[in-house]
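Structure, as structure tokens:
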Amino acid sequence: MEGLVNICLWLAAAYLLVGLIFYLVCLVRGMQTIDPDTVGAPVSFRLIIAPGVIILWPALVGKWRTKKPSE
Amino acid sequence: MGVSYQAILWNKSKKRYDLWMSLFIILVLAVFVLAQMTLHPSITIETLIIRATAFTAITLLHIILIIGPLCRLDSRFLPLLYNRRHLGVTMFLFALVHGLFCIIQFHTLGDTNPIASVFLSNQNYQEISEFPFQILGFLALVILLLMAATSHDFWLKNLTPRIWKGLHMAVYIAYALVVGHVALGTLQYESKPLYWVMLLGGFVVIAGLQIFTGLREVKRLRSTSEKTKDKFVKVCNFDDIEDSRAKIVTIGSENIAVFRYDGQISAVSNLCRHQLGPLGEGKIVDGCITCPWHGYQYFPHNGQSPPPFNEKLKTYEVNIRGNDVWVDPKPKPPGTFIQPAKLEGSAS
Ligand code: HEM
Ligand code: FES
């Protein structure tokens, strides 16, 4: 039981770390390919979507990839 | 909505909403803290924080769950719905403080990771009176976190409204987990029946309202009986619709809002492009259909949002014969202009 819980926690931590890196990368570039409406949005908007991006990054990664070639 | 995002869209009525919400929360907190200090004069500040934030969170959760059905019963409750997401995020923040304080208070003393400790410190799954109720609270908190984190319109658009709505229906799972958390936790050693009365009372109110409005909805869908003439379907009498208001009709699979304004009739899809709010429960404000949920607007004659927005609704052909309103249930592509139907004899 203890081993299982620890493995799950490590996996969750790794997953969220990837999310954090993805979020930071998005801040620099990529946000506008995911959603053009983010262009010109204030810093507070970027902060308010941070938790969601870190948790739900797989939902956005797909959009980023599929939109890239048409850039 | 086609213009760049803001962090939080505040307008005058949302500010007023948040002001009332804050006052209400302060009142709840004050009553609860006073009651606890009278009942348990030696209570520590940590325990007080844990309990007061928990109580506020569960109170807000109940309110959130009954707003929907209340609005269906009586449109005077609609202002409560208008900014429900601020209520949701606030509820999450209270639950978060409660959870964090519990983890700090009960799980940081050993050498296990505090979060692992929530799952490991008690494994008496067979014992009702010692069930690891904190795990239920933790899972509820995860759901609430997901909902709070995705409450911005950015997520509505990028997760698609369907997925987003599904995700937010998980609030019922969170509610069930919280009820389990409290029933198997505090209520196992709290001997006062008042706690049970509140928890059960809350459940009866929520379930009762949901079932009652659900049944009414079914009845309404059945009773929208229509007599067909060519492709048009007779929906009601012109006078059945109040001015600047709508009648909602369901014909086949089409959910249509038939609006009356300035002596004429237009019909558009009843589903708001924002979060599928019921447009037919809204009003015409400044010449635009205004969604009762968050105020998105559309012109009745073509279903389009006024510039700079670019939302479009499906529209329907309408017709007035004698005093009867007829609608063609075959939708036109979103944003199609339809000549509004005028009451014969009314000035044009
Ligand atoms: C990490 C997540 C959570 C943990 C570790 C946790 C832990 C606890 C603990 C230890 C208690 C007993 C406190 C006491 O009576 O002194 C408690 C009570 C309670 N919890 Fe949670 N909880 C969590 C999440 C939640 C959530 C999400 C809610 C719902 C909004 C919630 C609502 C409550 C309520 C209403 C009580 C009863 C408060 C009272 O005693 O007056 N909890 N929780
Ligand atoms: S559902 Fe949000 S404005 Fe209509």
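Here, A, B, ... name the chains of the structure tokens in the order displayed, residue numbers run from 1 inside each chain, and ligands are numbered from 1 in the same displayed order.
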
Which residues, written as a list in words, have at least one atom at most 12 Å from A:Gln32, with only C-alpha atoms counted and residues fewer than 2 positions away on the same chain left out?
Val25, Cys26, Leu27, Val28, Arg29, Gly30, Ile34, Asp35, Pro36, Asp37, Thr38, Val39, Gly40, Ala41, Arg46, Leu60, Lys63, Trp64, Lys67, Lys68 and Glu71 of chain A; Ser4 and Tyr5 of chain B

Compute the chain B side of the contact with chain A at 12 Å, counting only C-alpha atoms, and hand it back as a VMD selection string.
chain B and resid 1 to 9 89 112 to 123 142 to 143 145 to 160 163 to 164 167 309

Protein and nucleic residues near ligand 2, 6 Å, only C-alpha atoms and all ligand atoms, as a PyMOL selection string
chain B and resi 272+274-277+291+293-296

Please, which residues have at least one atom within 7 Å of an atom of ligand 1, using only C-alpha atoms and all ligand atoms, listed as a list in words?
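The residues within 7 Å of ligand 1, counting only C-alpha atoms and all ligand atoms, are Thr47, Ile50, Arg51, Ala52, Ala54, Phe55, Ala57, Ile58, Leu61, Ala95, Leu96, His98, Gly99, Leu100, Cys102, Ile103, Val118, Gln134, Ile135, Gly137, Phe138, Ala140, Leu141, Val178, His181, Val182, Gly185 and Thr186 of chain B.
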
For the selection you just gave me, I'd like the residues written to a file as a compact mmCIF listing (two decimals), in the first residue's frame, keeping N, CA and C atoms.
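In the end it all went to out-v1.txt:
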```txt
# COMPACT_ATOMS: atom_id res chain seq x y z
N THR B 47 -8.05 24.67 15.14
CA THR B 47 -9.31 23.92 14.98
C THR B 47 -10.43 24.84 14.52
N ILE B 50 -9.99 25.41 10.87
CA ILE B 50 -10.35 24.20 10.12
C ILE B 50 -11.86 24.08 10.02
N ARG B 51 -12.54 24.28 11.14
CA ARG B 51 -13.99 24.08 11.13
C ARG B 51 -14.73 25.21 10.44
N ALA B 52 -14.29 26.44 10.66
CA ALA B 52 -15.02 27.58 10.08
C ALA B 52 -14.90 27.58 8.56
N ALA B 54 -14.35 24.94 6.71
CA ALA B 54 -15.11 23.78 6.22
C ALA B 54 -16.60 24.13 6.16
N PHE B 55 -17.08 24.77 7.21
CA PHE B 55 -18.51 25.08 7.28
C PHE B 55 -18.89 26.08 6.17
N ALA B 57 -17.35 26.51 3.32
CA ALA B 57 -17.27 25.83 2.01
C ALA B 57 -18.50 24.98 1.76
N ILE B 58 -18.92 24.22 2.76
CA ILE B 58 -20.05 23.32 2.51
C ILE B 58 -21.35 24.11 2.37
N LEU B 61 -21.32 25.39 -1.12
CA LEU B 61 -21.57 24.28 -2.05
C LEU B 61 -23.07 24.01 -2.17
N ALA B 95 -12.44 25.65 0.89
CA ALA B 95 -12.17 24.22 1.05
C ALA B 95 -10.66 23.97 1.06
N LEU B 96 -9.93 24.73 0.23
CA LEU B 96 -8.48 24.56 0.14
C LEU B 96 -7.81 24.92 1.47
N HIS B 98 -9.15 24.86 4.38
CA HIS B 98 -9.53 23.77 5.30
C HIS B 98 -8.63 22.56 5.10
N GLY B 99 -8.49 22.12 3.85
CA GLY B 99 -7.69 20.93 3.56
C GLY B 99 -6.23 21.13 3.95
N LEU B 100 -5.68 22.29 3.58
CA LEU B 100 -4.26 22.55 3.89
C LEU B 100 -4.04 22.57 5.40
N CYS B 102 -5.77 21.06 7.67
CA CYS B 102 -5.88 19.70 8.20
C CYS B 102 -4.60 18.92 7.93
N ILE B 103 -4.06 19.09 6.72
CA ILE B 103 -2.84 18.35 6.40
C ILE B 103 -1.70 18.82 7.29
N VAL B 118 -2.13 11.30 4.29
CA VAL B 118 -3.59 11.37 4.23
C VAL B 118 -4.16 10.01 3.85
N GLN B 134 -10.87 11.31 5.56
CA GLN B 134 -10.11 12.43 4.99
C GLN B 134 -9.81 12.20 3.51
N ILE B 135 -9.71 10.89 3.13
CA ILE B 135 -9.46 10.59 1.71
C ILE B 135 -10.62 11.11 0.86
N GLY B 137 -12.52 13.65 1.53
CA GLY B 137 -12.36 15.11 1.45
C GLY B 137 -11.29 15.46 0.42
N PHE B 138 -10.20 14.71 0.42
CA PHE B 138 -9.10 14.98 -0.50
C PHE B 138 -9.57 14.84 -1.94
N ALA B 140 -12.61 15.05 -3.07
CA ALA B 140 -13.54 16.15 -3.38
C ALA B 140 -12.74 17.41 -3.71
N LEU B 141 -11.69 17.65 -2.93
CA LEU B 141 -10.89 18.85 -3.15
C LEU B 141 -10.24 18.83 -4.54
N VAL B 178 -18.16 14.94 -0.33
CA VAL B 178 -18.16 15.80 0.85
C VAL B 178 -19.16 15.29 1.89
N HIS B 181 -17.55 12.50 3.50
CA HIS B 181 -16.46 13.02 4.33
C HIS B 181 -17.00 13.49 5.69
N VAL B 182 -18.11 14.20 5.67
CA VAL B 182 -18.64 14.74 6.92
C VAL B 182 -19.38 13.65 7.71
N GLY B 185 -16.81 11.32 9.06
CA GLY B 185 -15.80 12.01 9.86
C GLY B 185 -16.41 12.61 11.10
N THR B 186 -16.58 13.91 11.03
CA THR B 186 -17.06 14.66 12.20
C THR B 186 -18.27 14.01 12.86
```

Contacts of B:Gln188 within 10 Å, only C-alpha atoms, excl. fewer than 6 positions in-chain, as an NGL selection string
:B and (128-131 or 182)

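Of the listed residues (B:Arg321, B:His86, B:His107, B:Lys314), B:His86 comes nearest to B:Leu19; the distances count only C-alpha atoms.
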
Point-to-point distance in Å for atom CA of B:Arg273 and atom CA of B:Thr290:
11.7 Å

What separation in Å, quoted to one decimal, exists between atom CA of B:Gly303 and atom CA of B:Glu254?
15.3 Å

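Counting from atom CA of B:Thr59, the distance to atom CA of B:Phe24 is 10.7 Å.
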
Would you please work out which residue, of B:Gln264, B:Asn124, B:Thr315, B:Asn237, is nearest to B:Pro333 when using only C-alpha atoms?
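Checking each of B:Gln264, B:Asn124, B:Thr315, B:Asn237 against B:Pro333, counting only C-alpha atoms, the winner is B:Thr315.
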